[in-house]
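Data file: entry.cif. Format and content: mmCIF, C-alpha atoms.
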data_coords
#
loop_
_atom_site.label_atom_id
_atom_site.label_comp_id
_atom_site.auth_asym_id
_atom_site.auth_seq_id
_atom_site.Cartn_x
_atom_site.Cartn_y
_atom_site.Cartn_z
CA MET A 1 -70.06 183.75 304.75
CA SER A 2 -68.99 180.27 303.63
CA GLN A 3 -70.50 179.28 300.29
CA GLY A 4 -73.05 176.47 300.09
CA ILE A 5 -73.69 176.16 303.84
CA PRO A 6 -77.28 176.99 304.83
CA LYS A 7 -78.25 179.11 307.80
CA ILE A 8 -78.62 177.07 310.98
CA SER A 9 -81.13 178.70 313.29
CA GLU A 10 -79.96 176.86 316.41
CA PHE A 11 -76.88 179.11 316.62
CA PRO A 12 -77.37 182.29 318.70
CA CYS A 13 -78.58 185.34 316.76
CA ASP A 14 -76.97 188.03 318.91
CA ASP A 15 -74.50 189.68 316.50
CA ARG A 16 -71.60 187.83 318.13
CA TYR A 17 -69.21 185.40 316.45
CA TRP A 18 -69.46 181.87 317.88
CA ARG A 19 -66.77 179.20 317.47
CA VAL A 20 -67.53 175.49 317.37
CA ASP A 21 -65.32 173.94 320.05
CA TRP A 22 -66.40 170.30 320.04
CA PHE A 23 -69.02 167.70 319.16
CA GLY A 24 -70.97 166.31 322.10
CA ALA A 25 -73.31 163.36 322.47
CA ILE A 26 -76.28 162.15 320.47
CA GLU A 27 -79.70 162.57 322.11
CA ARG A 28 -83.05 161.14 321.12
CA ASN A 29 -85.54 163.46 319.45
CA PRO A 30 -88.98 162.62 320.86
CA ASN A 31 -90.73 164.70 318.19
CA VAL A 32 -88.86 163.29 315.18
CA PRO A 33 -87.35 159.88 316.09
CA SER A 34 -85.64 159.64 312.69
CA GLU A 35 -83.71 162.88 313.36
CA PRO A 36 -81.81 162.52 316.67
CA PHE A 37 -80.11 165.56 318.12
CA LEU A 38 -76.35 166.17 318.13
CA GLN A 39 -74.84 168.40 320.81
CA ILE A 40 -72.52 171.15 319.55
CA VAL A 41 -70.27 172.92 322.08
CA ILE A 42 -69.77 176.58 321.15
CA SER A 43 -68.19 179.70 322.68
CA PRO A 44 -68.31 183.37 321.61
CA LEU A 45 -65.34 185.45 320.55
CA ILE A 46 -64.48 188.00 323.22
CA GLN A 47 -64.10 190.70 320.57
CA ASN A 48 -65.80 190.63 317.17
CA GLU A 49 -62.68 192.22 315.68
CA SER A 50 -60.83 188.93 316.28
CA ILE A 51 -62.62 187.45 313.26
CA ASP A 52 -59.86 189.01 311.12
CA SER A 53 -57.11 187.21 313.08
CA THR A 54 -55.05 184.24 311.91
CA ALA A 55 -56.42 180.70 312.05
CA LYS A 56 -53.95 179.95 314.86
CA HIS A 57 -55.21 182.86 316.96
CA LEU A 58 -58.86 181.95 316.31
CA ALA A 59 -58.16 178.50 317.79
CA SER A 60 -56.46 179.81 320.92
CA THR A 61 -57.85 179.51 324.44
CA HIS A 62 -57.77 183.28 324.89
CA VAL A 63 -59.91 184.40 321.95
CA THR A 64 -63.26 183.12 323.27
CA ASN A 65 -65.22 183.72 326.46
CA TYR A 66 -65.42 180.35 328.22
CA ASP A 67 -67.83 181.74 330.83
CA ASP A 68 -70.39 181.99 328.02
CA GLN A 69 -69.59 178.60 326.50
CA THR A 70 -72.79 176.66 325.88
CA VAL A 71 -74.29 173.69 324.08
CA ILE A 72 -76.80 173.82 321.23
CA LYS A 73 -78.59 170.84 319.72
CA ILE A 74 -78.99 170.31 315.98
CA GLY A 75 -80.52 167.51 313.94
CA VAL A 76 -77.98 164.96 312.67
CA GLY A 77 -78.89 165.95 309.11
CA GLN A 78 -77.03 169.22 309.69
CA LEU A 79 -73.79 167.48 310.73
CA PRO A 80 -72.20 167.77 307.23
CA PHE A 81 -72.28 171.57 307.51
CA ILE A 82 -70.53 171.93 310.89
CA SER A 83 -66.89 171.32 311.70
CA ILE A 84 -64.81 171.91 314.81
CA GLY A 85 -63.22 175.35 314.62
CA SER A 86 -65.85 176.81 312.29
CA ILE A 87 -67.16 180.27 313.21
CA TRP A 88 -70.78 181.40 312.96
CA LEU A 89 -72.54 184.77 313.03
CA ASN A 90 -76.31 184.87 313.46
CA GLY A 91 -76.58 181.31 312.20
CA GLN A 92 -74.37 181.84 309.13
CA CYS A 93 -71.05 180.03 308.74
CA GLN A 94 -68.14 182.42 308.15
CA ALA A 95 -65.14 181.98 305.87
CA ALA A 96 -62.73 182.35 308.81
CA LYS A 97 -61.96 179.21 310.79
CA GLY A 98 -59.90 178.40 313.86
CA GLY A 99 -57.17 175.78 313.74
CA GLN A 100 -53.95 175.28 311.80
CA THR A 101 -53.69 172.32 309.43
CA LYS A 102 -50.95 169.73 309.63
CA LEU A 103 -50.08 166.76 307.42
CA LEU A 104 -49.24 163.48 309.16
CA HIS A 105 -47.34 161.10 306.87
CA ASN A 106 -47.38 157.30 306.56
CA LEU A 107 -49.82 156.45 309.32
CA HIS A 108 -50.65 152.76 309.38
CA ILE A 109 -54.39 152.24 309.79
CA ALA A 110 -55.30 148.70 310.86
CA GLU A 111 -57.21 146.81 313.56
CA HIS A 112 -54.10 146.38 315.70
CA THR A 113 -53.09 150.06 315.46
CA THR A 114 -56.48 151.66 316.17
CA GLN A 115 -59.09 151.28 318.85
CA SER A 116 -62.11 153.15 320.22
CA ILE A 117 -61.66 154.67 323.65
CA PRO A 118 -63.93 156.94 325.72
CA GLY A 119 -62.92 160.52 326.39
CA ASN A 120 -62.36 159.70 330.07
CA HIS A 121 -60.05 156.73 329.32
CA LYS A 122 -57.38 156.24 331.98
CA VAL A 123 -53.80 154.98 331.73
CA GLU A 124 -52.13 154.04 335.01
CA ASP A 125 -55.05 155.59 336.91
CA LYS A 126 -54.59 158.95 335.20
CA ASN A 127 -56.85 160.49 332.58
CA LEU A 128 -55.36 159.95 329.13
CA ILE A 129 -56.79 163.33 328.17
CA PRO A 130 -56.51 165.65 331.19
CA TYR A 131 -59.44 168.00 331.55
CA ASP A 132 -57.03 170.83 330.72
CA SER A 133 -56.26 169.26 327.36
CA TYR A 134 -59.84 169.50 326.18
CA ARG A 135 -58.99 173.16 326.01
CA THR A 136 -55.31 173.15 325.05
CA GLY A 137 -55.05 169.98 322.97
CA LYS A 138 -51.37 169.49 323.83
CA ILE A 139 -50.99 165.81 322.86
CA GLY A 140 -48.14 164.51 320.71
CA HIS A 141 -47.96 161.30 318.68
CA ASP A 142 -44.37 160.22 318.06
CA LYS A 143 -43.68 156.92 319.90
CA ASP A 144 -46.88 157.46 321.85
CA PRO A 145 -49.42 154.60 321.67
CA PHE A 146 -52.19 157.15 322.23
CA GLY A 147 -50.52 159.83 320.16
CA ILE A 148 -53.26 160.63 317.66
CA LEU A 149 -56.82 160.97 318.92
CA VAL A 150 -59.60 161.50 316.39
CA PRO A 151 -63.10 162.38 317.68
CA VAL A 152 -65.42 159.70 316.32
CA MET A 153 -68.07 162.25 315.34
CA GLU A 154 -65.47 164.00 313.16
CA LEU A 155 -64.67 160.62 311.58
CA ILE A 156 -68.38 160.13 310.82
CA ARG A 157 -68.76 163.67 309.48
CA PHE A 158 -65.74 163.56 307.19
CA TYR A 159 -65.94 160.05 305.75
CA TYR A 160 -69.60 159.04 305.91
CA ALA A 161 -72.13 161.81 306.66
CA VAL A 162 -71.14 163.78 303.57
CA SER A 163 -74.67 165.08 302.93
CA THR A 164 -77.91 165.47 304.86
CA ASP A 165 -79.40 162.43 303.12
CA VAL A 166 -76.41 160.19 303.87
CA ALA A 167 -76.27 161.45 307.47
CA HIS A 168 -79.87 160.30 307.88
CA ILE A 169 -78.95 156.89 306.44
CA VAL A 170 -75.96 156.53 308.78
CA PHE A 171 -77.94 157.32 311.93
CA SER A 172 -81.13 155.47 310.89
CA GLY A 173 -79.27 152.26 309.99
CA ASP A 174 -81.26 151.94 306.75
CA LEU A 175 -78.38 150.69 304.60
CA LYS A 176 -78.01 147.65 306.85
CA HIS A 177 -81.52 147.11 308.16
CA GLN A 178 -83.76 148.55 305.41
CA PRO A 179 -81.54 148.74 302.29
CA GLN A 180 -84.59 149.03 300.01
CA ASN A 181 -84.99 152.60 301.34
CA VAL A 182 -81.55 153.46 299.95
CA ILE A 183 -81.04 151.32 296.83
CA ASN A 184 -82.93 149.03 294.47
CA THR A 185 -81.42 145.81 295.77
CA GLU A 186 -82.51 143.82 292.70
CA LYS A 187 -80.52 146.03 290.34
CA CYS A 188 -77.32 146.47 292.35
CA GLY A 189 -74.20 144.35 292.33
CA PHE A 190 -70.49 144.18 291.71
CA ASP A 191 -68.96 143.45 288.29
CA GLU A 192 -65.89 141.35 289.13
CA GLY A 193 -64.54 141.50 285.58
CA GLU A 194 -64.50 145.29 285.44
CA ARG A 195 -64.06 145.74 289.20
CA ARG A 196 -67.07 148.05 289.13
CA CYS A 197 -69.86 148.63 291.65
CA ILE A 198 -73.31 148.99 290.09
CA LEU A 199 -75.76 151.05 292.14
CA HIS A 200 -79.39 151.97 291.57
CA LEU A 201 -79.96 154.71 294.13
CA ARG A 202 -83.35 155.88 295.28
CA GLN A 203 -84.41 159.11 293.62
CA HIS A 204 -83.72 161.42 296.56
CA LEU A 205 -80.02 160.48 296.64
CA SER A 206 -77.34 162.19 294.55
CA ASP A 207 -74.51 160.69 292.52
CA GLU A 208 -72.06 162.06 295.10
CA ASP A 209 -73.91 160.13 297.80
CA GLY A 210 -73.42 157.03 295.66
CA TRP A 211 -69.64 157.13 296.05
CA VAL A 212 -69.93 156.78 299.84
CA ILE A 213 -72.73 154.21 299.71
CA GLY A 214 -70.95 152.14 297.08
CA ARG A 215 -67.75 152.05 299.10
CA ALA A 216 -69.67 150.96 302.19
CA LEU A 217 -71.26 148.10 300.23
CA THR A 218 -68.01 146.81 298.75
CA CYS A 219 -65.39 147.40 301.48
CA LYS A 220 -65.57 145.70 304.88
CA GLU A 221 -63.80 148.55 306.69
CA ALA A 222 -66.16 151.13 305.18
CA TRP A 223 -69.19 148.94 305.95
CA GLU A 224 -68.17 148.73 309.59
CA GLY A 225 -67.57 152.47 309.85
CA PHE A 226 -70.86 153.26 308.10
CA THR A 227 -73.06 150.92 310.16
CA LEU A 228 -71.45 151.15 313.62
CA PRO A 229 -72.92 154.57 314.55
CA HIS A 230 -76.53 153.35 314.41
CA ASP A 231 -75.79 149.91 315.87
CA THR A 232 -73.92 151.28 318.90
CA ILE A 233 -76.59 153.92 319.51
CA MET A 234 -79.29 151.25 319.51
CA LYS A 235 -77.21 149.02 321.77
CA HIS A 236 -76.95 151.66 324.49
CA SER A 237 -80.15 153.66 323.94
CA LEU A 238 -82.07 151.96 326.76
CA ASN A 239 -79.34 152.56 329.34
CA THR A 240 -78.34 156.19 328.88
CA LYS A 241 -79.68 159.51 327.63
CA PHE A 242 -76.39 160.70 326.15
CA LEU A 243 -75.21 158.39 323.38
CA HIS A 244 -71.68 158.21 321.96
CA PRO A 245 -71.61 156.33 318.62
CA GLN A 246 -68.63 154.36 317.40
CA SER A 247 -67.22 154.22 313.88
CA ALA A 248 -64.02 153.31 312.02
CA PHE A 249 -61.84 154.43 309.13
CA PRO A 250 -63.18 153.32 305.71
CA PHE A 251 -59.81 151.87 304.71
CA SER A 252 -56.72 150.12 306.03
CA GLY A 253 -53.03 150.43 305.25
CA SER A 254 -50.64 153.38 305.08
CA SER A 255 -52.15 156.81 304.63
CA ASN A 256 -51.43 160.51 305.03
CA LEU A 257 -53.91 162.42 307.18
CA LYS A 258 -54.45 166.16 306.96
CA VAL A 259 -55.59 167.28 310.39
CA SER A 260 -56.60 170.54 312.00
CA GLU A 261 -55.35 171.56 315.44
CA SER A 262 -58.65 172.88 316.71
CA PRO A 263 -60.00 174.34 319.97
CA ARG A 264 -60.96 172.01 322.78
CA VAL A 265 -64.03 171.82 324.94
CA CYS A 266 -63.35 172.90 328.49
CA GLN A 267 -60.94 174.34 331.03
CA ARG A 268 -61.38 172.09 334.03
CA LEU A 269 -64.21 169.95 335.27
CA ASN A 270 -65.02 172.33 338.11
CA ASN A 271 -65.31 175.29 335.74
CA LEU A 272 -68.12 173.77 333.68
CA ARG A 273 -71.28 175.79 334.14
CA ASN A 274 -74.36 174.91 332.12
CA TRP A 275 -73.62 171.30 331.19
CA ASN A 276 -71.80 168.38 332.67
CA TYR A 277 -68.80 166.36 331.58
CA GLU A 278 -70.90 163.27 330.85
CA LYS A 279 -72.59 165.16 328.03
CA ILE A 280 -69.35 165.78 326.15
CA LYS A 281 -67.47 162.58 327.02
CA SER A 282 -66.84 161.83 323.34
CA LEU A 283 -65.41 158.61 321.99
CA TYR A 284 -62.11 158.73 320.15
CA ILE A 285 -60.29 156.65 317.60
CA ARG A 286 -56.74 156.12 318.81
CA ILE A 287 -53.98 155.65 316.22
CA SER A 288 -50.61 154.33 317.33
#
Could you write out this structure as structure tokens?
Amino acid sequence: MSQGIPKISEFPCDDRYWRVDWFGAIERNPNVPSEPFLQIVISPLIQNESIDSTAKHLASTHVTNYDDQTVIKIGVGQLPFISIGSIWLNGQCQAAKGGQTKLLHNLHIAEHTTQSIPGNHKVEDKNLIPYDSYRTGKIGHDKDPFGILVPVMELIRFYYAVSTDVAHIVFSGDLKHQPQNVINTEKCGFDEGERRCILHLRQHLSDEDGWVIGRALTCKEAWEGFTLPHDTIMKHSLNTKFLHPQSAFPFSGSSNLKVSESPRVCQRLNNLRNWNYEKIKSLYIRIS
């Protein structure tokens, strides 16, 4: 099993290996309003022996049984432990993972090169991401204005929700709306002379959490990315059950991105069985 990742009881306990295919929508939690649910799309390996296959094979469309694909719901505090392509057995994350990694060089991240688009975005009356491509992921990026598509929930998971405590802060909006729950506002500041951020974190937060919180407080791009998930959820919470938060990169300028070519959600719209497309219509960050 993968070290440091706790058991998550929401995964099936049936002695089968289950692959995480995609992140779905956010749903309200009527029992614990401070811990909304996050949909996780999963599918079982056809043969348990496939767990010893290559990462490329584990990400293929043929290794899992799409007839048994389903959606589980976890609390957002568990988001840091789950990534697309990860494989689980009886609630335990395994060392094996589906998806080859690739390094993309010199990507320019800026307001004019990125934008948020819904998963059903259309270009010239055609779906930018055909339903097939949720499964195959065959989308290039060279000279393509929609060439790189990053699921917003993955952006949140990787850059902001780095721990359970910070995930709760991101989705509760406390850093923006109730900062006293996160830091001692009277003892925090920025030393211009030494270019140093001074943070007095509340006792339940770790020093590692402080790196993310400090960046959000001192960088406008990081502040936007950190606070947008809660603000967009609140904006749309009265109109829809399935909520798709927005976010942004915590930096601007040229950067190299290490990405994983991971499995996609579905075959075709008419093959979906237990859940409907609206539930997994994720938002994306587009990089051109």
Margin query: So that I can see what lies close to region 65-73 of chain A, please list as a PyMOL selection string the residues with an atom at most 6 Å from it, counting only C-alpha atoms and leaving out residues fewer than 3 positions away in the same chain.
Written below: chain A and resi 37-44+46
Next item on the list: Give as a PyMOL selection string each residue that has an atom at most 12 Å from (-70.3, 147.8, 290.3) in the file, counting all atoms listed in the file.
Entry: chain A and resi 187-200+210-211+213-215+217-218
Next item on the list: Record the distance separating CA of Tyr17 (chain A) and CA of Ile84 (chain A), expressed in Å with one decimal.
Entry: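 About the pair CA of Tyr17 (chain A) and CA of Ile84 (chain A): they are 14.3 Å apart.
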Notebook entry, point to check: Got a sec: who's within 8 Å of Gln92 (chain A), counting all atoms listed in the file, leaving out chain neighbours fewer than 3 positions off, as a ChimeraX atom specification?
Noted result: /A:1-2,5-8,88-89
Could you write out the selected residues, including C-alpha atoms, as a PDB file, keeping the file's coordinate frame?
ATOM      1  CA  MET A   1     -70.060 183.750 304.750  1.00  0.00           C
ATOM      2  CA  SER A   2     -68.990 180.270 303.630  1.00  0.00           C
ATOM      3  CA  ILE A   5     -73.690 176.160 303.840  1.00  0.00           C
ATOM      4  CA  PRO A   6     -77.280 176.990 304.830  1.00  0.00           C
ATOM      5  CA  LYS A   7     -78.250 179.110 307.800  1.00  0.00           C
ATOM      6  CA  ILE A   8     -78.620 177.070 310.980  1.00  0.00           C
ATOM      7  CA  TRP A  88     -70.780 181.400 312.960  1.00  0.00           C
ATOM      8  CA  LEU A  89     -72.540 184.770 313.030  1.00  0.00           C
TER       9      LEU A  89
END
Margin query: I want to know what sits within 6 Å of Phe242 (chain A), based on only C-alpha atoms, with residues of the same chain fewer than 4 positions away left out; could you give that as a list in words?
Written below: Ala25, Ile26 and Glu27 of chain A
Item checked: Point (-50.4, 162.1, 301.9), cut-off 8 Å, counting all atoms listed in the file, residues as a ChimeraX atom specification -> /A:103-106,255-258
Next item on the list: Measure the distance from CA of Ala95 (chain A) to CA of Gln3 (chain A) in Å and round it to one decimal.
Entry: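 Between CA of Ala95 (chain A) and CA of Gln3 (chain A) the gap works out to 8.2 Å.
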Item checked: Which of A:Phe251, A:Val162, A:Ala222, A:Val170 sits closest to Asp207 (chain A) [using all atoms listed in the file] ->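 Distance minimum relative to Asp207 (chain A) lands on A:Val162.
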Check: When you draw a straight line from CA of Pro36 (chain A) to CA of Gln180 (chain A), how long is it in Å?
Finding: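 Separation between CA of Pro36 (chain A) and CA of Gln180 (chain A): 21.6 Å.
For region 50-54 of chain A, the residues within 8 Å (counting all atoms listed in the file, excluding itself and residues fewer than 6 positions away along the chain) are Tyr17, Val63, Ala96 and Gly98 of chain A.
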Next, write the just-selected residues to a file, as a PDB file, in the coordinates of the input, keeping C-alpha atoms as the atom set.
ATOM      1  CA  TYR A  17     -69.210 185.400 316.450  1.00  0.00           C
ATOM      2  CA  VAL A  63     -59.910 184.400 321.950  1.00  0.00           C
ATOM      3  CA  ALA A  96     -62.730 182.350 308.810  1.00  0.00           C
ATOM      4  CA  GLY A  98     -59.900 178.400 313.860  1.00  0.00           C
TER       5      GLY A  98
END
Which residues would end up in the selection if the PyMOL selection byres ((chain A and resi 250) around 12) were applied here, given that I need the answer as a PDB file with C-alpha atoms, in the frame of the given file?
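The file below, part.pdb, is the result:
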ATOM      1  CA  ILE A 109     -54.390 152.240 309.790  1.00  0.00           C
ATOM      2  CA  ALA A 110     -55.300 148.700 310.860  1.00  0.00           C
ATOM      3  CA  GLU A 111     -57.210 146.810 313.560  1.00  0.00           C
ATOM      4  CA  LEU A 155     -64.670 160.620 311.580  1.00  0.00           C
ATOM      5  CA  ILE A 156     -68.380 160.130 310.820  1.00  0.00           C
ATOM      6  CA  PHE A 158     -65.740 163.560 307.190  1.00  0.00           C
ATOM      7  CA  TYR A 159     -65.940 160.050 305.750  1.00  0.00           C
ATOM      8  CA  TYR A 160     -69.600 159.040 305.910  1.00  0.00           C
ATOM      9  CA  VAL A 212     -69.930 156.780 299.840  1.00  0.00           C
ATOM     10  CA  ILE A 213     -72.730 154.210 299.710  1.00  0.00           C
ATOM     11  CA  GLY A 214     -70.950 152.140 297.080  1.00  0.00           C
ATOM     12  CA  ARG A 215     -67.750 152.050 299.100  1.00  0.00           C
ATOM     13  CA  ALA A 216     -69.670 150.960 302.190  1.00  0.00           C
ATOM     14  CA  LEU A 217     -71.260 148.100 300.230  1.00  0.00           C
ATOM     15  CA  THR A 218     -68.010 146.810 298.750  1.00  0.00           C
ATOM     16  CA  CYS A 219     -65.390 147.400 301.480  1.00  0.00           C
ATOM     17  CA  LYS A 220     -65.570 145.700 304.880  1.00  0.00           C
ATOM     18  CA  GLU A 221     -63.800 148.550 306.690  1.00  0.00           C
ATOM     19  CA  ALA A 222     -66.160 151.130 305.180  1.00  0.00           C
ATOM     20  CA  TRP A 223     -69.190 148.940 305.950  1.00  0.00           C
ATOM     21  CA  GLU A 224     -68.170 148.730 309.590  1.00  0.00           C
ATOM     22  CA  GLY A 225     -67.570 152.470 309.850  1.00  0.00           C
ATOM     23  CA  PHE A 226     -70.860 153.260 308.100  1.00  0.00           C
ATOM     24  CA  THR A 227     -73.060 150.920 310.160  1.00  0.00           C
ATOM     25  CA  LEU A 228     -71.450 151.150 313.620  1.00  0.00           C
ATOM     26  CA  SER A 247     -67.220 154.220 313.880  1.00  0.00           C
ATOM     27  CA  ALA A 248     -64.020 153.310 312.020  1.00  0.00           C
ATOM     28  CA  PHE A 249     -61.840 154.430 309.130  1.00  0.00           C
ATOM     29  CA  PHE A 251     -59.810 151.870 304.710  1.00  0.00           C
ATOM     30  CA  SER A 252     -56.720 150.120 306.030  1.00  0.00           C
ATOM     31  CA  GLY A 253     -53.030 150.430 305.250  1.00  0.00           C
ATOM     32  CA  SER A 255     -52.150 156.810 304.630  1.00  0.00           C
TER      33      SER A 255
END
Next item on the list: Could you tell me which of A:Pro245, A:Gly91, A:Pro229, A:Pro118 comes closest to Gly173 (chain A) if we count all atoms listed in the file?
Entry: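 Looking at the shortest contact to Gly173 (chain A), the residue is A:Pro229.
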Checklist line | Residue among A:Val152, A:Leu175, A:Ala59, A:Val20 lying closest to Gln115 (chain A), counting only C-alpha atoms | finding: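 Using only C-alpha atoms, Gln115 (chain A) sits closest to A:Val152.
Checking A:Thr61, A:Gln47, A:Ser172, A:Thr113 one by one against Ser34 (chain A), counting only C-alpha atoms, you find the shortest gap at A:Ser172.
Proximity to Glu154 (chain A) was assessed for A:Gln94, A:Ser206, A:Asn184, A:Ser83 counting only C-alpha atoms; the smallest distance is recorded for A:Ser83.
Closest approach to Asp165 (chain A) from the set A:Leu79, A:Ile74, A:Leu107, A:Cys13 is made by A:Leu79, with distances taken over all atoms listed in the file.
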Note to self: Need to verify the contact set: Asn181 (chain A), 12 Å, only C-alpha atoms, exclusion of same-chain residues closer than 2 positions in sequence. Can you return it as JSON, numbers by chain?
What the structure shows: {"A": [165, 166, 168, 169, 172, 173, 174, 175, 176, 177, 178, 179, 183, 184, 185, 200, 201, 202, 203, 204, 205]}
Calculate, to one decimal in Å, the centre and edge lengths of the box along x, y and z of the file that holds all listed atoms of region 8-23 of chain A with 5 Å of margin on each side, and present them as AutoDock Vina command-line options.
--center_x -73.2 --center_y 178.7 --center_z 315.5 --size_x 25.8 --size_y 32.0 --size_z 19.1
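Here the PyMOL selection byres ((chain A and resi 233) around 9) captures the residues A:Ile26, A:Phe171, A:Leu228, A:Pro229, A:His230, A:Asp231, A:Thr232, A:Met234, A:Lys235, A:His236, A:Ser237, A:Leu243, A:His244, A:Pro245, A:Gln246.
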